[in-house]
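**Student:** Provided herewith is a single structure, encoded as structure tokens, for subsequent inquiry.
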There are 2 protein chains.
Amino acid sequence: MSSARPTGGATSRGIAFSRPADCAQRQRVHGSCAGCEVRDIAACSAIPSRELHELEQLGGKIRLSPGTTLVREGDARTEVHTLVSGMARQVRLLPDGRRHVAGFLLPGDFIGFSAASHHRHSVEAVTESVLCSFSLPSVRRLRERYPDFDANLFEQACGELDKAGSYLTALARMTPVERLSAFLLHLSGRQHALGGRENHVDLPMTRADIGDHLGLTIETVSRTFSRLKQEGVLYFEHPHHIELRDPPRLRELAGL
Amino acid sequence: MSSARPTGGATSRGIAFSRPADCAQRQRVHGSCAGCEVRDIAACSAIPSRELHELEQLGGKIRLSPGTTLVREGDARTEVHTLVSGMARQVRLLPDGRRHVAGFLLPGDFIGFSAASHHRHSVEAVTESVLCSFSLPSVRRLRERYPDFDANLFEQACGELDKAGSYLTALARMTPVERLSAFLLHLSGRQHALGGRENHVDLPMTRADIGDHLGLTIETVSRTFSRLKQEGVLYFEHPHHIELRDPPRLRELAGL
DNA sequence: CGTCGAGTTGAGACTTGTCAATACCGGTGG
DNA sequence: CCACCGGTATTGACAAGTCTCAACTCGACG
């Protein structure tokens, strides 16, 4: 029986991704909920505008610079967060260094759907990011007081479960081309909904992040990108900024 | 660019798994909530005993024989369910026949965490099963009326998200041995909690089901079982009933 | 201009998937 | 009670795709 084979996982080659000191760079910043960038899309949109001052008292905003860690896998859960701007990734590390990026967080995403007492993933900023944080007890009180907020959270949790189901299928049964195509379409759609250019994708994360998300190596990610580029489906303005030149074909490749 | 390669997926060899007629075998049966087998573990445990008559009026029990379908992928969602006894599987089919088994449902499991209007998976009975069903509006009313029920559902949804995260990591970054080991430990633990023998696993599903769940082919599943058997980690009383002979070693193989 | 990290590309190894034959189990019918 | 039959599981040989290892390119930064 072969021992665990550290297949993939960017850190399996000896580079530690999570630098301990990075946690310290959390900075509290001020911000009013009324002018919040994600006021309309986040779960707290259910709270009436005239009562936002209460929210502001309970919550705090945190600014993270790229690569810094918001919460560390294994730490006790004390807060939940909503991403206000930027991009973050949820990361899990296996004992032997293999890495799994559970997902990329975009503005409006809620961080904190878990029944566990400790964090099951680290959360790291991919780009400069701002997050809104609430203590667990605060959230409990808000949920009791604002049923719509509670319902929003439940709805969003269900949406997360739907999304998880799609990723599960992708990882279990799809080829690299399908996985990457679906990933690009998904991200492009979300970024477009948030105000980005249609049929464009920003990929501020590294190829290792993408690979660790899709269950592939960086080389396979790179090769797959190259094939899609060569086919004319993708156009690279930059390795981190891609135009989807043939969305229908891409959807086809993604398995619809 | 190679076209989609139907790797794995039991149905990719031409056998249709979902037989249309199977839906018809749903049978409504009577049952009192007070004597329900999962009274203490299902979400509805939050509803006081003296008010169970209301539940009984809203809900209905359904008996499914092995292989029959409860809901079909793509159908409109009108009900939620709780598995009372037996085992069911959640299945998704890709256009070319590849199959993904999103999960196996055990007594107490809730079926219906989704933000979508249509079912994203089919649900099929693996063994003779009994389920409890409620219409979507009924559930909404129950959630409004019983905050503890609502909280239970939310908690269970969060637990599902935690579980999904583990599967995601397994599919993205783990070897066949690790996937199968973790699967057996997980299922064994759940079955033990439900009254099964410790360190024993019942596997009423086929190897194809297991493979389609773990992102492997039936051959790889079988070979992996054989290796674990040969190592003395597993003992086969039957292809569908396994004893875990060396749980510590199995945990080690599963990556803890 | 040199260095460093990230990304791309190439060649070969290895695991898993594919194809195919055989063994096994349960149910049916003689 | 036993032989037969269909579906399932196991095992083997081979092929294919991805991973591994390594060289090279590119761009940012000092």
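Going by the structure tokens order, chains are called A, B, ..., each with residues numbered from 1, while ligands are numbered from 1 in the order shown.
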Could you build a table of the residues in chain A lying no more than 8 Å from chain B, giving for each the nearest pair of atoms and their separation in Å rounded to one decimal place, using only C-alpha atoms, ordered by chain and ascending residue number, as a Markdown table?
**Tutor:**
| residue | atom | partner | partner_atom | distance |
| --- | --- | --- | --- | --- |
| A:Met1 | CA | B:Arg227 | CA | 6.8 |
| A:Ser3 | CA | B:Leu253 | CA | 7.8 |
| A:Ala4 | CA | B:Thr175 | CA | 7.0 |
| A:Arg5 | CA | B:Thr175 | CA | 7.0 |
| A:Thr7 | CA | B:Arg173 | CA | 6.8 |
| A:Gly8 | CA | B:Arg173 | CA | 7.0 |
| A:Gly9 | CA | B:Arg173 | CA | 7.4 |
| A:Arg92 | CA | B:Thr169 | CA | 7.8 |
| A:Leu94 | CA | B:Gly255 | CA | 7.8 |
| A:Pro95 | CA | B:Gly255 | CA | 7.6 |
| A:Arg98 | CA | B:Arg173 | CA | 7.0 |
| A:Arg99 | CA | B:Arg173 | CA | 7.3 |
| A:His100 | CA | B:Thr169 | CA | 5.9 |
| A:Ala102 | CA | B:Gly165 | CA | 6.9 |
| A:Phe113 | CA | B:Cys158 | CA | 5.3 |
| A:Ser114 | CA | B:Cys158 | CA | 4.6 |
| A:Ala115 | CA | B:Gly159 | CA | 5.0 |
| A:Ala116 | CA | B:Gly159 | CA | 7.6 |
| A:Arg120 | CA | B:Asp162 | CA | 7.7 |
| A:Phe154 | CA | B:Phe154 | CA | 6.2 |
| A:Glu155 | CA | B:Ala115 | CA | 6.0 |
| A:Gln156 | CA | B:Ala115 | CA | 7.6 |
| A:Ala157 | CA | B:Ala157 | CA | 6.9 |
| A:Cys158 | CA | B:Ser114 | CA | 4.6 |
| A:Gly159 | CA | B:Ala115 | CA | 5.0 |
| A:Glu160 | CA | B:Leu161 | CA | 7.6 |
| A:Leu161 | CA | B:Leu161 | CA | 6.1 |
| A:Asp162 | CA | B:Ser114 | CA | 5.9 |
| A:Ala164 | CA | B:Ala164 | CA | 6.5 |
| A:Gly165 | CA | B:Ala102 | CA | 6.9 |
| A:Tyr167 | CA | B:Leu168 | CA | 7.5 |
| A:Leu168 | CA | B:Leu168 | CA | 5.9 |
| A:Thr169 | CA | B:His100 | CA | 5.9 |
| A:Leu171 | CA | B:Leu171 | CA | 5.8 |
| A:Ala172 | CA | B:Gly215 | CA | 4.0 |
| A:Arg173 | CA | B:Gly215 | CA | 5.9 |
| A:Met174 | CA | B:Thr7 | CA | 7.7 |
| A:Thr175 | CA | B:Ala4 | CA | 6.9 |
| A:Glu178 | CA | B:Ala4 | CA | 7.5 |
| A:Asp212 | CA | B:Ala172 | CA | 7.4 |
| A:His213 | CA | B:Ala172 | CA | 7.3 |
| A:Leu214 | CA | B:Ala172 | CA | 6.5 |
| A:Gly215 | CA | B:Ala172 | CA | 4.1 |
| A:Leu216 | CA | B:Ala172 | CA | 7.7 |
| A:Arg227 | CA | B:Met1 | CA | 6.7 |
| A:Leu228 | CA | B:Met1 | CA | 8.0 |
| A:Glu231 | CA | B:Met1 | CA | 7.8 |
| A:Leu253 | CA | B:Ala4 | CA | 7.3 |
| A:Gly255 | CA | B:Pro95 | CA | 7.5 |
**Student:** Can you build me a table of chain C residues sitting at most 10 Å from chain A, with the closest atom pair per residue and its distance in Å to one decimal, using only C-alpha atoms (C1' of nucleotides), sorted by chain and residue number, as CSV?
**Tutor:**
residue,atom,partner,partner_atom,distance
C:DA6,C1',A:Thr206,CA,7.9
C:DG7,C1',A:Ser222,CA,7.4
C:DT8,C1',A:Ser222,CA,6.8
C:DT9,C1',A:Arg223,CA,8.2
**Student:** Only C-alpha atoms (C1' of nucleotides), please: the residues just picked out, written as a short mmCIF file (atom, residue, chain, number, x, y, z; two decimals), in the first residue's frame.
**Tutor:**
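The resulting file, out-v3.cif, is reproduced below:
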data_model
loop_
_atom_site.label_atom_id
_atom_site.label_comp_id
_atom_site.auth_asym_id
_atom_site.auth_seq_id
_atom_site.Cartn_x
_atom_site.Cartn_y
_atom_site.Cartn_z
"C1'" DA C 6 5.19 33.36 -11.01
"C1'" DG C 7 3.86 31.28 -15.22
"C1'" DT C 8 4.71 28.44 -19.29
"C1'" DT C 9 6.38 24.56 -21.74
#
**Student:** If we count only C-alpha atoms (C1' of nucleotides), what is near segment 63-78 of chain B at a cut-off of 6 Å, once residues fewer than 5 positions away on the same chain are taken out, given as a list in words?
**Tutor:**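 Answer for this query is Asp22, Cys23, Arg26, Gln27, Ser117, His118, His119, Arg120, His121, Ser122, Val123, Glu124, Ala125, Val126, Thr127, Glu128, Ser129, Val130, Ser135 and Leu136 of chain B.
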**Student:** Output the contact residues of chain D with respect to chain A at a cut-off of 12 Å, based on only C-alpha atoms (C1' of nucleotides), as an NGL selection string.
**Tutor:** :D and (17-21 or 26-27)
**Student:** What does the distance from atom CA of Arg245 of chain B to atom CA of Arg89 of chain B come to in Å, to one decimal?
**Tutor:**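 Going from atom CA of Arg245 of chain B over to atom CA of Arg89 of chain B covers 26.6 Å.
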**Student:** From the set A:Pro48, A:Ile242, A:Arg190, A:Gly196, which residue has the shortest atom-to-atom contact distance to Phe149 of chain A, counting only C-alpha atoms?
**Tutor:**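 Comparing A:Pro48, A:Ile242, A:Arg190, A:Gly196 against Phe149 of chain A, the winner is A:Pro48.
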**Student:** What is the distance, in Å and to one decimal place, between atom CA of His81 of chain B and atom CA of Cys132 of chain B?
**Tutor:**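 These two atoms are separated by 5.3 Å.
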**Student:** Atom C1' of DG2 of chain C to atom CA of His238 of chain A: how many Å, to one decimal?
**Tutor:**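 Those two atoms sit 24.0 Å apart.
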**Student:** Please report, as number ranges by chain, each residue of segment 94-199 of chain B to which DSSP assigns alpha helix (DSSP H) when run on this structure's backbone.
**Tutor:** B: 136-145, 147-173, 176-193
